[in-house]
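Below is work08.cif, holding mmCIF, C-alpha atoms.
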```
data_entry
#
loop_
_atom_site.label_atom_id
_atom_site.label_comp_id
_atom_site.auth_asym_id
_atom_site.auth_seq_id
_atom_site.Cartn_x
_atom_site.Cartn_y
_atom_site.Cartn_z
CA MET A 1 391.18 103.14 111.31
CA ILE A 2 391.10 106.83 110.24
CA ARG A 3 387.59 107.25 111.70
CA ALA A 4 388.75 105.76 115.04
CA ILE A 5 391.69 108.17 115.21
CA ARG A 6 389.47 111.17 114.57
CA THR A 7 387.12 110.10 117.33
CA GLY A 8 390.02 109.78 119.77
CA GLN A 9 391.31 113.16 118.77
CA ARG A 10 387.92 114.70 119.45
CA THR A 11 387.83 113.00 122.82
CA ARG A 12 391.28 114.31 123.76
CA LEU A 13 390.41 117.80 122.54
CA GLY A 14 387.25 117.75 124.62
CA LEU A 15 389.14 116.68 127.74
CA ASN A 16 391.81 119.32 127.17
CA ALA A 17 389.18 122.05 126.75
CA LEU A 18 387.44 120.94 129.92
CA ALA A 19 390.74 120.98 131.83
CA LEU A 20 391.51 124.48 130.53
CA LEU A 21 388.06 125.68 131.57
CA MET A 22 388.54 124.32 135.10
CA VAL A 23 391.90 126.12 135.37
CA LEU A 24 390.37 129.42 134.25
CA LEU A 25 387.50 129.06 136.69
CA ALA A 26 389.89 128.29 139.54
CA ALA A 27 392.00 131.31 138.68
CA GLY A 28 388.93 133.52 138.54
CA CYS A 29 387.70 132.33 141.93
CA SER A 30 391.07 133.01 143.52
CA THR A 31 391.09 136.66 142.40
CA THR A 32 387.42 137.59 142.80
CA PRO A 33 386.56 139.00 146.26
CA SER A 34 383.77 137.30 148.20
CA SER A 35 381.91 140.61 148.69
CA ARG A 36 381.89 144.17 147.41
CA TYR A 37 384.68 145.07 149.86
CA HIS A 38 388.34 144.77 148.88
CA ILE A 39 389.36 143.07 152.14
CA GLN A 40 387.58 140.47 154.26
CA ASN A 41 388.41 141.61 157.80
CA ASP A 42 388.12 145.18 158.99
CA ARG A 43 391.06 146.99 160.57
CA GLY A 44 392.54 150.40 161.23
CA PRO A 45 395.14 152.14 159.06
CA ASP A 46 398.66 150.77 158.74
CA GLY A 47 400.83 152.54 161.29
CA ASP A 48 399.92 155.32 163.70
CA VAL A 49 398.02 158.29 162.24
CA ASP A 50 398.06 161.81 163.71
CA LEU A 51 394.45 163.02 163.90
CA SER A 52 395.06 166.03 166.16
CA HIS A 53 394.22 168.43 163.32
CA LEU A 54 390.69 167.04 162.84
CA LYS A 55 387.81 169.26 163.93
CA GLU A 56 384.52 167.94 165.22
CA PRO A 57 381.49 168.71 163.03
CA THR A 58 379.32 171.65 164.06
CA PRO A 59 375.69 170.56 164.58
CA ARG A 60 373.31 172.25 162.15
CA LYS A 61 369.85 171.72 160.75
CA GLU A 62 369.86 169.46 157.72
CA PRO A 63 366.99 167.96 155.74
CA ARG A 64 366.62 164.22 155.92
CA SER A 65 368.75 162.52 153.31
CA ARG A 66 366.93 160.83 150.45
CA GLY A 67 368.73 157.59 151.18
CA GLY A 68 368.88 155.59 154.41
CA ASN A 69 365.63 156.78 156.00
CA LYS A 70 363.21 154.14 154.74
CA SER A 71 361.12 152.77 157.60
CA PRO A 72 360.73 149.99 158.34
CA TYR A 73 363.73 148.24 156.78
CA SER A 74 365.13 144.74 157.20
CA VAL A 75 368.68 143.44 157.60
CA TRP A 76 369.49 139.74 157.98
CA GLY A 77 365.84 138.91 158.58
CA LYS A 78 365.32 141.49 161.35
CA THR A 79 363.12 144.58 160.98
CA TYR A 80 364.16 148.05 162.15
CA TYR A 81 362.25 151.32 162.44
CA VAL A 82 363.63 154.82 161.84
CA MET A 83 362.63 157.39 164.44
CA ASN A 84 360.35 160.21 163.31
CA THR A 85 362.40 162.64 165.36
CA SER A 86 365.66 162.54 167.27
CA ASP A 87 364.64 165.21 169.78
CA GLY A 88 365.65 164.32 173.32
CA TYR A 89 367.26 161.02 172.38
CA ALA A 90 369.78 159.71 174.92
CA GLU A 91 370.87 156.12 175.46
CA GLU A 92 373.75 154.12 176.88
CA GLY A 93 375.20 151.02 175.28
CA VAL A 94 378.17 149.44 173.51
CA ALA A 95 379.99 151.27 170.71
CA SER A 96 382.11 149.57 168.07
CA TRP A 97 383.99 151.13 165.14
CA TYR A 98 384.66 150.50 161.45
CA GLY A 99 387.65 151.42 159.33
CA THR A 100 389.71 150.36 156.32
CA LYS A 101 387.33 147.70 154.99
CA PHE A 102 384.57 150.27 154.43
CA HIS A 103 386.77 153.29 153.64
CA GLY A 104 385.77 154.80 150.29
CA TYR A 105 382.48 152.91 150.00
CA LYS A 106 378.99 154.42 150.09
CA THR A 107 377.19 154.94 153.39
CA SER A 108 373.46 154.32 153.75
CA ASN A 109 372.57 157.91 152.85
CA GLY A 110 374.71 157.85 149.71
CA GLU A 111 377.78 159.68 151.00
CA THR A 112 381.30 158.25 150.85
CA TYR A 113 382.60 156.79 154.07
CA ASN A 114 385.85 158.35 155.27
CA MET A 115 387.30 156.70 158.35
CA TYR A 116 389.18 159.93 159.11
CA ASP A 117 385.95 161.94 159.53
CA TYR A 118 383.91 162.11 162.73
CA THR A 119 380.89 160.08 161.61
CA ALA A 120 378.82 157.17 162.88
CA ALA A 121 376.26 154.50 162.02
CA HIS A 122 373.04 153.99 163.99
CA LYS A 123 370.08 151.68 163.43
CA SER A 124 367.20 154.08 164.09
CA LEU A 125 368.27 157.74 164.28
CA PRO A 126 367.23 159.84 161.26
CA LEU A 127 370.01 160.49 158.74
CA PRO A 128 371.76 162.81 159.28
CA THR A 129 371.76 163.45 163.03
CA TYR A 130 374.47 164.96 165.23
CA VAL A 131 375.22 163.21 168.52
CA ARG A 132 377.73 163.52 171.32
CA VAL A 133 379.27 160.16 172.24
CA THR A 134 380.95 159.87 175.64
CA ASN A 135 383.21 156.99 176.60
CA LEU A 136 381.94 156.05 180.07
CA GLU A 137 385.22 154.31 180.86
CA ASN A 138 387.46 157.39 180.55
CA GLY A 139 385.14 160.40 180.19
CA ARG A 140 386.30 161.37 176.70
CA SER A 141 383.66 162.64 174.28
CA VAL A 142 383.29 163.53 170.61
CA ILE A 143 380.56 164.96 168.39
CA VAL A 144 379.84 162.88 165.29
CA ARG A 145 377.46 163.10 162.35
CA VAL A 146 375.34 159.97 161.92
CA ASN A 147 375.15 159.21 158.19
CA ASP A 148 375.07 155.41 158.06
CA ARG A 149 373.05 152.41 159.26
CA GLY A 150 374.31 149.78 161.69
CA PRO A 151 375.77 148.14 163.66
CA PHE A 152 373.72 145.00 163.12
CA HIS A 153 375.72 142.80 165.50
CA GLY A 154 373.85 141.90 168.66
CA GLY A 155 374.16 144.16 171.66
CA ARG A 156 375.79 147.15 169.94
CA LEU A 157 374.26 150.61 170.00
CA ILE A 158 376.43 152.65 167.62
CA ASP A 159 379.29 152.18 165.17
CA LEU A 160 381.81 155.03 165.10
CA SER A 161 384.36 155.91 162.45
CA TYR A 162 387.98 154.98 163.18
CA ALA A 163 388.80 158.64 163.88
CA ALA A 164 386.01 158.97 166.45
CA ALA A 165 386.97 155.71 168.15
CA LYS A 166 390.59 156.84 168.34
CA LYS A 167 389.56 160.13 169.94
CA LEU A 168 387.53 158.22 172.52
CA GLY A 169 390.50 155.95 173.19
CA TYR A 170 389.07 152.54 172.32
CA ASP A 171 390.43 152.01 168.79
CA LYS A 172 392.83 149.35 170.09
CA LYS A 173 390.23 147.32 171.99
CA GLY A 174 387.32 147.38 169.55
CA THR A 175 384.37 148.32 171.76
CA ALA A 176 383.54 150.61 174.67
CA ARG A 177 380.61 151.44 176.90
CA VAL A 178 379.27 154.84 175.82
CA ARG A 179 376.48 157.35 176.24
CA VAL A 180 374.91 158.75 173.06
CA GLU A 181 373.04 162.08 173.20
CA VAL A 182 371.53 164.08 170.37
CA VAL A 183 373.05 167.53 169.93
CA THR A 184 370.88 170.25 168.42
CA GLU A 185 371.95 173.13 166.22
CA ALA A 186 374.51 175.37 167.93
CA THR A 187 376.68 178.29 166.88
CA THR A 188 379.48 178.23 169.45
CA PRO A 189 381.47 175.45 171.15
CA ALA A 190 379.95 176.47 174.49
CA GLN A 191 376.43 176.10 173.09
CA VAL A 192 377.31 172.73 171.59
CA ALA A 193 378.59 171.47 174.95
CA HIS A 194 375.53 172.83 176.75
CA ALA A 195 373.14 171.27 174.24
CA ALA A 196 374.73 167.87 174.73
CA THR A 197 374.17 167.91 178.50
CA SER A 198 370.89 169.79 178.85
CA LYS A 199 368.49 167.16 177.51
CA PRO A 200 367.96 164.51 180.20
CA VAL A 201 365.64 161.68 179.33
CA VAL A 202 362.24 162.24 180.90
CA THR A 203 361.47 159.69 183.61
CA SER A 204 358.13 161.01 184.81
CA ALA A 205 354.75 161.06 183.14
CA PRO A 206 354.09 163.86 180.64
CA THR A 207 352.06 166.84 181.83
CA PRO A 208 348.39 166.12 181.10
CA THR A 209 346.60 168.38 178.65
CA PRO A 210 344.29 170.75 180.56
CA THR A 211 340.65 169.79 180.21
CA ASN A 212 337.34 171.09 181.51
CA SER A 213 336.61 167.80 183.20
CA GLY A 214 338.85 166.23 185.84
CA ALA A 215 337.66 162.80 184.67
CA ALA A 216 338.95 163.19 181.10
CA GLN A 217 340.62 160.05 179.83
CA GLY A 218 343.14 159.20 177.14
CA TYR A 219 344.58 156.11 175.51
CA PHE A 220 347.95 154.68 176.59
CA LEU A 221 350.08 151.73 175.60
CA GLN A 222 351.55 149.67 178.41
CA VAL A 223 354.73 148.02 177.12
CA GLY A 224 355.67 146.15 180.28
CA ALA A 225 355.87 146.08 184.07
CA PHE A 226 359.19 145.76 185.94
CA SER A 227 360.29 145.16 189.50
CA THR A 228 363.29 147.51 189.17
CA GLU A 229 363.44 151.07 187.91
CA LEU A 230 366.64 150.37 185.97
CA GLY A 231 364.96 147.66 183.91
CA ALA A 232 362.06 149.96 183.13
CA ILE A 233 364.37 152.83 182.13
CA LYS A 234 366.30 150.62 179.70
CA VAL A 235 363.09 149.60 177.95
CA ARG A 236 361.83 153.18 177.96
CA ASN A 237 365.02 154.38 176.26
CA HIS A 238 364.71 151.72 173.59
CA ILE A 239 361.06 152.54 172.95
CA SER A 240 361.99 156.23 172.67
CA SER A 241 364.37 155.30 169.85
CA LEU A 242 361.55 153.59 167.97
CA LEU A 243 358.60 155.94 168.35
CA ASP A 244 357.79 159.62 167.93
CA ALA A 245 355.57 159.65 171.00
CA PRO A 246 355.90 160.37 174.75
CA VAL A 247 357.34 157.42 176.67
CA PHE A 248 357.45 157.39 180.45
CA VAL A 249 357.88 155.20 183.50
CA SER A 250 354.98 155.20 185.95
CA LYS A 251 355.00 153.91 189.50
CA PRO A 252 351.80 154.20 191.53
CA GLU A 253 352.25 154.81 195.24
CA THR A 254 350.16 151.71 195.93
CA ASP A 255 352.77 149.19 194.72
CA SER A 256 356.45 148.79 193.77
CA ILE A 257 355.98 148.00 190.09
CA TYR A 258 357.50 150.25 187.41
CA ARG A 259 355.40 150.38 184.24
CA VAL A 260 356.62 151.61 180.85
CA ARG A 261 353.84 153.42 179.03
CA VAL A 262 353.43 155.38 175.81
CA GLY A 263 350.95 158.21 175.40
CA PRO A 264 348.54 159.77 175.92
CA PHE A 265 346.74 159.48 172.60
CA VAL A 266 343.48 161.31 171.96
CA LYS A 267 342.19 158.84 169.38
CA GLU A 268 342.12 155.09 169.79
CA GLU A 269 343.07 154.69 166.12
CA GLU A 270 346.33 156.55 166.68
CA ALA A 271 347.15 154.43 169.71
CA ALA A 272 346.38 151.27 167.74
CA ARG A 273 348.87 152.29 165.05
CA PHE A 274 351.69 152.56 167.59
CA LEU A 275 350.49 149.36 169.24
CA ASP A 276 351.03 147.49 165.98
CA ILE A 277 354.56 148.92 165.63
CA LEU A 278 355.54 147.88 169.15
CA GLN A 279 354.09 144.40 168.88
CA ARG A 280 356.07 143.84 165.68
CA ALA A 281 359.23 145.35 167.21
CA ALA A 282 359.87 142.73 169.92
CA TYR A 283 357.18 143.88 172.37
CA PRO A 284 354.29 141.50 171.65
CA GLU A 285 352.86 141.88 175.18
CA THR A 286 352.10 145.59 174.69
CA MET A 287 348.47 146.35 175.45
CA LEU A 288 346.10 149.26 174.92
CA ILE A 289 344.67 150.81 178.08
CA LYS A 290 342.51 153.82 178.92
CA ARG A 291 343.43 155.99 181.90
CA SER A 292 342.65 159.34 183.45
CA LEU A 293 344.72 162.18 182.00
CA ASN A 294 344.99 163.67 185.48
CA ASN A 295 346.67 160.58 186.90
CA PRO A 296 348.05 158.30 184.14
CA SER A 297 350.26 156.39 186.60
CA ILE A 298 347.35 154.38 188.00
#
```
Could you render the structure as C-alpha cells?
Amino acid sequence: MIRAIRTGQRTRLGLNALALLMVLLAAGCSTTPSSRYHIQNDRGPDGDVDLSHLKEPTPRKEPRSRGGNKSPYSVWGKTYYVMNTSDGYAEEGVASWYGTKFHGYKTSNGETYNMYDYTAAHKSLPLPTYVRVTNLENGRSVIVRVNDRGPFHGGRLIDLSYAAAKKLGYDKKGTARVRVEVVTEATTPAQVAHAATSKPVVTSAPTPTPTNSGAAQGYFLQVGAFSTELGAIKVRNHISSLLDAPVFVSKPETDSIYRVRVGPFVKEEEAARFLDILQRAAYPETMLIKRSLNNPSI
C-alpha cells in the first residue's frame, strides 16, 4: 500500500512539473520577439515631427566602409554585386522608406540607423555614396548618404530614411517613382546642385581608343537586342549598376534593333570575367563578340 502511494505521488509530481514547464515555455514565447527588431511592422514616428531644421549631408570623399561592401553577397537566395565605382550612376525606379522598426539598429556598414537623418539603402552602390533622389511625381529632391543595403523587395530601387521620404512628400503613401543620381564631392550648395544634374547617362558608344590601324578590333559583350530604345536603356542602366565597365546602346543604321553592349576590352580574358558576372546576374544570354574599335555599333 505504501509503495503504491509513493508511485502515485511521483506520477502526480511528474505531471505537475510538466504542466509548470509548459506554462513557462508559453510565457516565454509570448514575450520573446520573433526577430531582432522590437516591433513586427514598420511605421513612422507617433505624431507629426518637425524636420525643417534638418540639413542635407554635404557630399565628400570617403573611403569605402569595412562593412557592407562584400561582393557578391546573397539575400533570401538571390545574389547581388556591389559596383566597383559609382561614377556616373543614374537610374529611375521605385523608392520605399523605412522607419521606427529599424531605428537604433546597425546598418550594413556598421553605423546606427537614425530615421531622422538623410540616409538610404541601396543594393549595389558602394558604401558610403552620396546621391540626389528626386520625386518624379512632384519634383522635390533631397541629397542622402547611402550607408545600408536593400531594399530586397521586388521592383524597388532604393530605400530612404523616414526623414528623406517626408522631405520628398511620400511618407504617407509608402512608395514613389524617383530618379537617383550620384553626387560627387562639392564645397558649395550651387556646386552640389550642379553635380547632381551634370552627369547624364551615356547613350552612345564610347570613343574608340586611337590606333595605328583602322581595322583594330576589341572584345565586347552583347547583353541583349531590343526593338525599342527605352527597353535597351533600362537594361543598360541596370548593367551600369553592376559593372565597372563602359555600357552603351548601339543601333546600326542598317536596322532598327537597339543592342546593349559592354566594352571594349583589350584582352579576351578580361571580357570573359565580366561575361561570367553577367550570366550569373540574370543575363544568361550575354555573348562575347569581337568588333572593330572604329565602329563598334555594327
For segment 67-116 of chain A versus segment 279-288 of chain A, which residues have an atom no more than 12 Å away, and what is each residue's nearest atom pair and distance in Å rounded to one decimal, using only C-alpha atoms, chain-then-number order, as JSON lines?
```
{"residue": "A:Pro72", "atom": "CA", "partner": "A:Ala281", "partner_atom": "CA", "distance": 10.1}
{"residue": "A:Tyr73", "atom": "CA", "partner": "A:Ala281", "partner_atom": "CA", "distance": 11.7}
{"residue": "A:Ser74", "atom": "CA", "partner": "A:Ala281", "partner_atom": "CA", "distance": 11.6}
{"residue": "A:Lys78", "atom": "CA", "partner": "A:Ala281", "partner_atom": "CA", "distance": 9.3}
{"residue": "A:Thr79", "atom": "CA", "partner": "A:Ala281", "partner_atom": "CA", "distance": 7.4}
{"residue": "A:Tyr80", "atom": "CA", "partner": "A:Ala281", "partner_atom": "CA", "distance": 7.6}
{"residue": "A:Tyr81", "atom": "CA", "partner": "A:Ala281", "partner_atom": "CA", "distance": 8.2}
{"residue": "A:Val82", "atom": "CA", "partner": "A:Ala281", "partner_atom": "CA", "distance": 11.7}
```
Subject >> Atomic distance atom CA of Leu125 of chain A - atom CA of Leu168 of chain A, expressed in Å with one decimal >> reply: 21.0 Å
Original post:
Got a sec to resolve the PyMOL selection byres ((chain A and resi 169) around 12) on this structure and send the residues as a ChimeraX atom specification?
Top reply: /A:95-97,134-142,160,162-168,170-178
Original post:
Could you list as a VMD selection string every residue that has an atom within 10 Å of (341.2, 161.7, 173.4), using the file's coordinates and counting all atoms listed in the file?
Top reply: chain A and resid 216 to 219 264 to 268 270 290 293
Original post:
How many Å separate atom CA of Tyr258 of chain A from atom CA of Ala272 of chain A?
Top reply: 22.6 Å
Original post:
What separation in Å, quoted to one decimal, exists between atom CA of Lys101 of chain A and atom CA of Asn147 of chain A?
Top reply: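 Rounded to one decimal, the two atoms are 17.1 Å apart.
Every residue within 6 Å of the file position (367.5, 157.6, 157.7), judged by only C-alpha atoms, is given as Gly68, Asn69, Pro126 and Leu127 of chain A.
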Subject >> Picked residues, the PyMOL selection byres ((chain A and resi 50-58) around 8), expected as an NGL selection string >> reply: :A and (48-49 or 59-60 or 116-118 or 142-145 or 163 or 185-187 or 192)
Segment 121-131 of chain A, all listed atoms, 6 Å padding on each side: what axis-aligned box centre and edge lengths in Å to one decimal come out, as JSON?
```
{"center_x": 371.7, "center_y": 158.3, "center_z": 163.6, "size_x": 21.1, "size_y": 25.3, "size_z": 21.8}
```
Filled-in N, CA and C atoms of segment 249-265 of chain A, supplied as a PDB file, in the frame of the given file:
```pdb
ATOM      1  N   VAL A 249     357.938 156.264 182.500  1.00  0.00           N
ATOM      2  CA  VAL A 249     357.880 155.200 183.500  1.00  0.00           C
ATOM      3  C   VAL A 249     356.937 155.652 184.605  1.00  0.00           C
ATOM      4  N   SER A 250     355.934 154.859 184.884  1.00  0.00           N
ATOM      5  CA  SER A 250     354.980 155.200 185.950  1.00  0.00           C
ATOM      6  C   SER A 250     355.135 154.221 187.110  1.00  0.00           C
ATOM      7  N   LYS A 251     354.945 154.750 188.311  1.00  0.00           N
ATOM      8  CA  LYS A 251     355.000 153.910 189.500  1.00  0.00           C
ATOM      9  C   LYS A 251     353.960 154.430 190.504  1.00  0.00           C
ATOM     10  N   PRO A 252     352.813 153.788 190.554  1.00  0.00           N
ATOM     11  CA  PRO A 252     351.800 154.200 191.530  1.00  0.00           C
ATOM     12  C   PRO A 252     352.310 154.044 192.956  1.00  0.00           C
ATOM     13  N   GLU A 253     351.836 154.878 193.842  1.00  0.00           N
ATOM     14  CA  GLU A 253     352.250 154.810 195.240  1.00  0.00           C
ATOM     15  C   GLU A 253     351.742 153.546 195.919  1.00  0.00           C
ATOM     16  N   THR A 254     350.780 152.878 195.294  1.00  0.00           N
ATOM     17  CA  THR A 254     350.160 151.710 195.930  1.00  0.00           C
ATOM     18  C   THR A 254     350.965 150.426 195.773  1.00  0.00           C
ATOM     19  N   ASP A 255     351.970 150.406 194.872  1.00  0.00           N
ATOM     20  CA  ASP A 255     352.770 149.190 194.720  1.00  0.00           C
ATOM     21  C   ASP A 255     354.202 149.563 194.331  1.00  0.00           C
ATOM     22  N   SER A 256     355.030 148.555 194.088  1.00  0.00           N
ATOM     23  CA  SER A 256     356.450 148.790 193.770  1.00  0.00           C
ATOM     24  C   SER A 256     356.780 148.369 192.354  1.00  0.00           C
ATOM     25  N   ILE A 257     355.793 148.412 191.472  1.00  0.00           N
ATOM     26  CA  ILE A 257     355.980 148.000 190.090  1.00  0.00           C
ATOM     27  C   ILE A 257     356.182 149.225 189.196  1.00  0.00           C
ATOM     28  N   TYR A 258     357.216 149.164 188.351  1.00  0.00           N
ATOM     29  CA  TYR A 258     357.500 150.250 187.410  1.00  0.00           C
ATOM     30  C   TYR A 258     356.940 149.857 186.041  1.00  0.00           C
ATOM     31  N   ARG A 259     356.060 150.686 185.513  1.00  0.00           N
ATOM     32  CA  ARG A 259     355.400 150.380 184.240  1.00  0.00           C
ATOM     33  C   ARG A 259     355.874 151.339 183.150  1.00  0.00           C
ATOM     34  N   VAL A 260     356.234 150.787 181.997  1.00  0.00           N
ATOM     35  CA  VAL A 260     356.620 151.610 180.850  1.00  0.00           C
ATOM     36  C   VAL A 260     355.394 151.826 179.986  1.00  0.00           C
ATOM     37  N   ARG A 261     355.037 153.096 179.801  1.00  0.00           N
ATOM     38  CA  ARG A 261     353.840 153.420 179.030  1.00  0.00           C
ATOM     39  C   ARG A 261     354.135 154.466 177.964  1.00  0.00           C
ATOM     40  N   VAL A 262     353.327 154.427 176.915  1.00  0.00           N
ATOM     41  CA  VAL A 262     353.430 155.380 175.810  1.00  0.00           C
ATOM     42  C   VAL A 262     352.109 156.113 175.698  1.00  0.00           C
ATOM     43  N   GLY A 263     352.175 157.442 175.543  1.00  0.00           N
ATOM     44  CA  GLY A 263     350.950 158.210 175.400  1.00  0.00           C
ATOM     45  C   GLY A 263     351.004 159.499 176.200  1.00  0.00           C
ATOM     46  N   PRO A 264     349.897 160.198 176.321  1.00  0.00           N
ATOM     47  CA  PRO A 264     348.540 159.770 175.920  1.00  0.00           C
ATOM     48  C   PRO A 264     348.247 160.031 174.448  1.00  0.00           C
ATOM     49  N   PHE A 265     347.259 159.282 173.941  1.00  0.00           N
ATOM     50  CA  PHE A 265     346.740 159.480 172.600  1.00  0.00           C
ATOM     51  C   PHE A 265     345.271 159.882 172.722  1.00  0.00           C
TER      52      PHE A 265
END
```
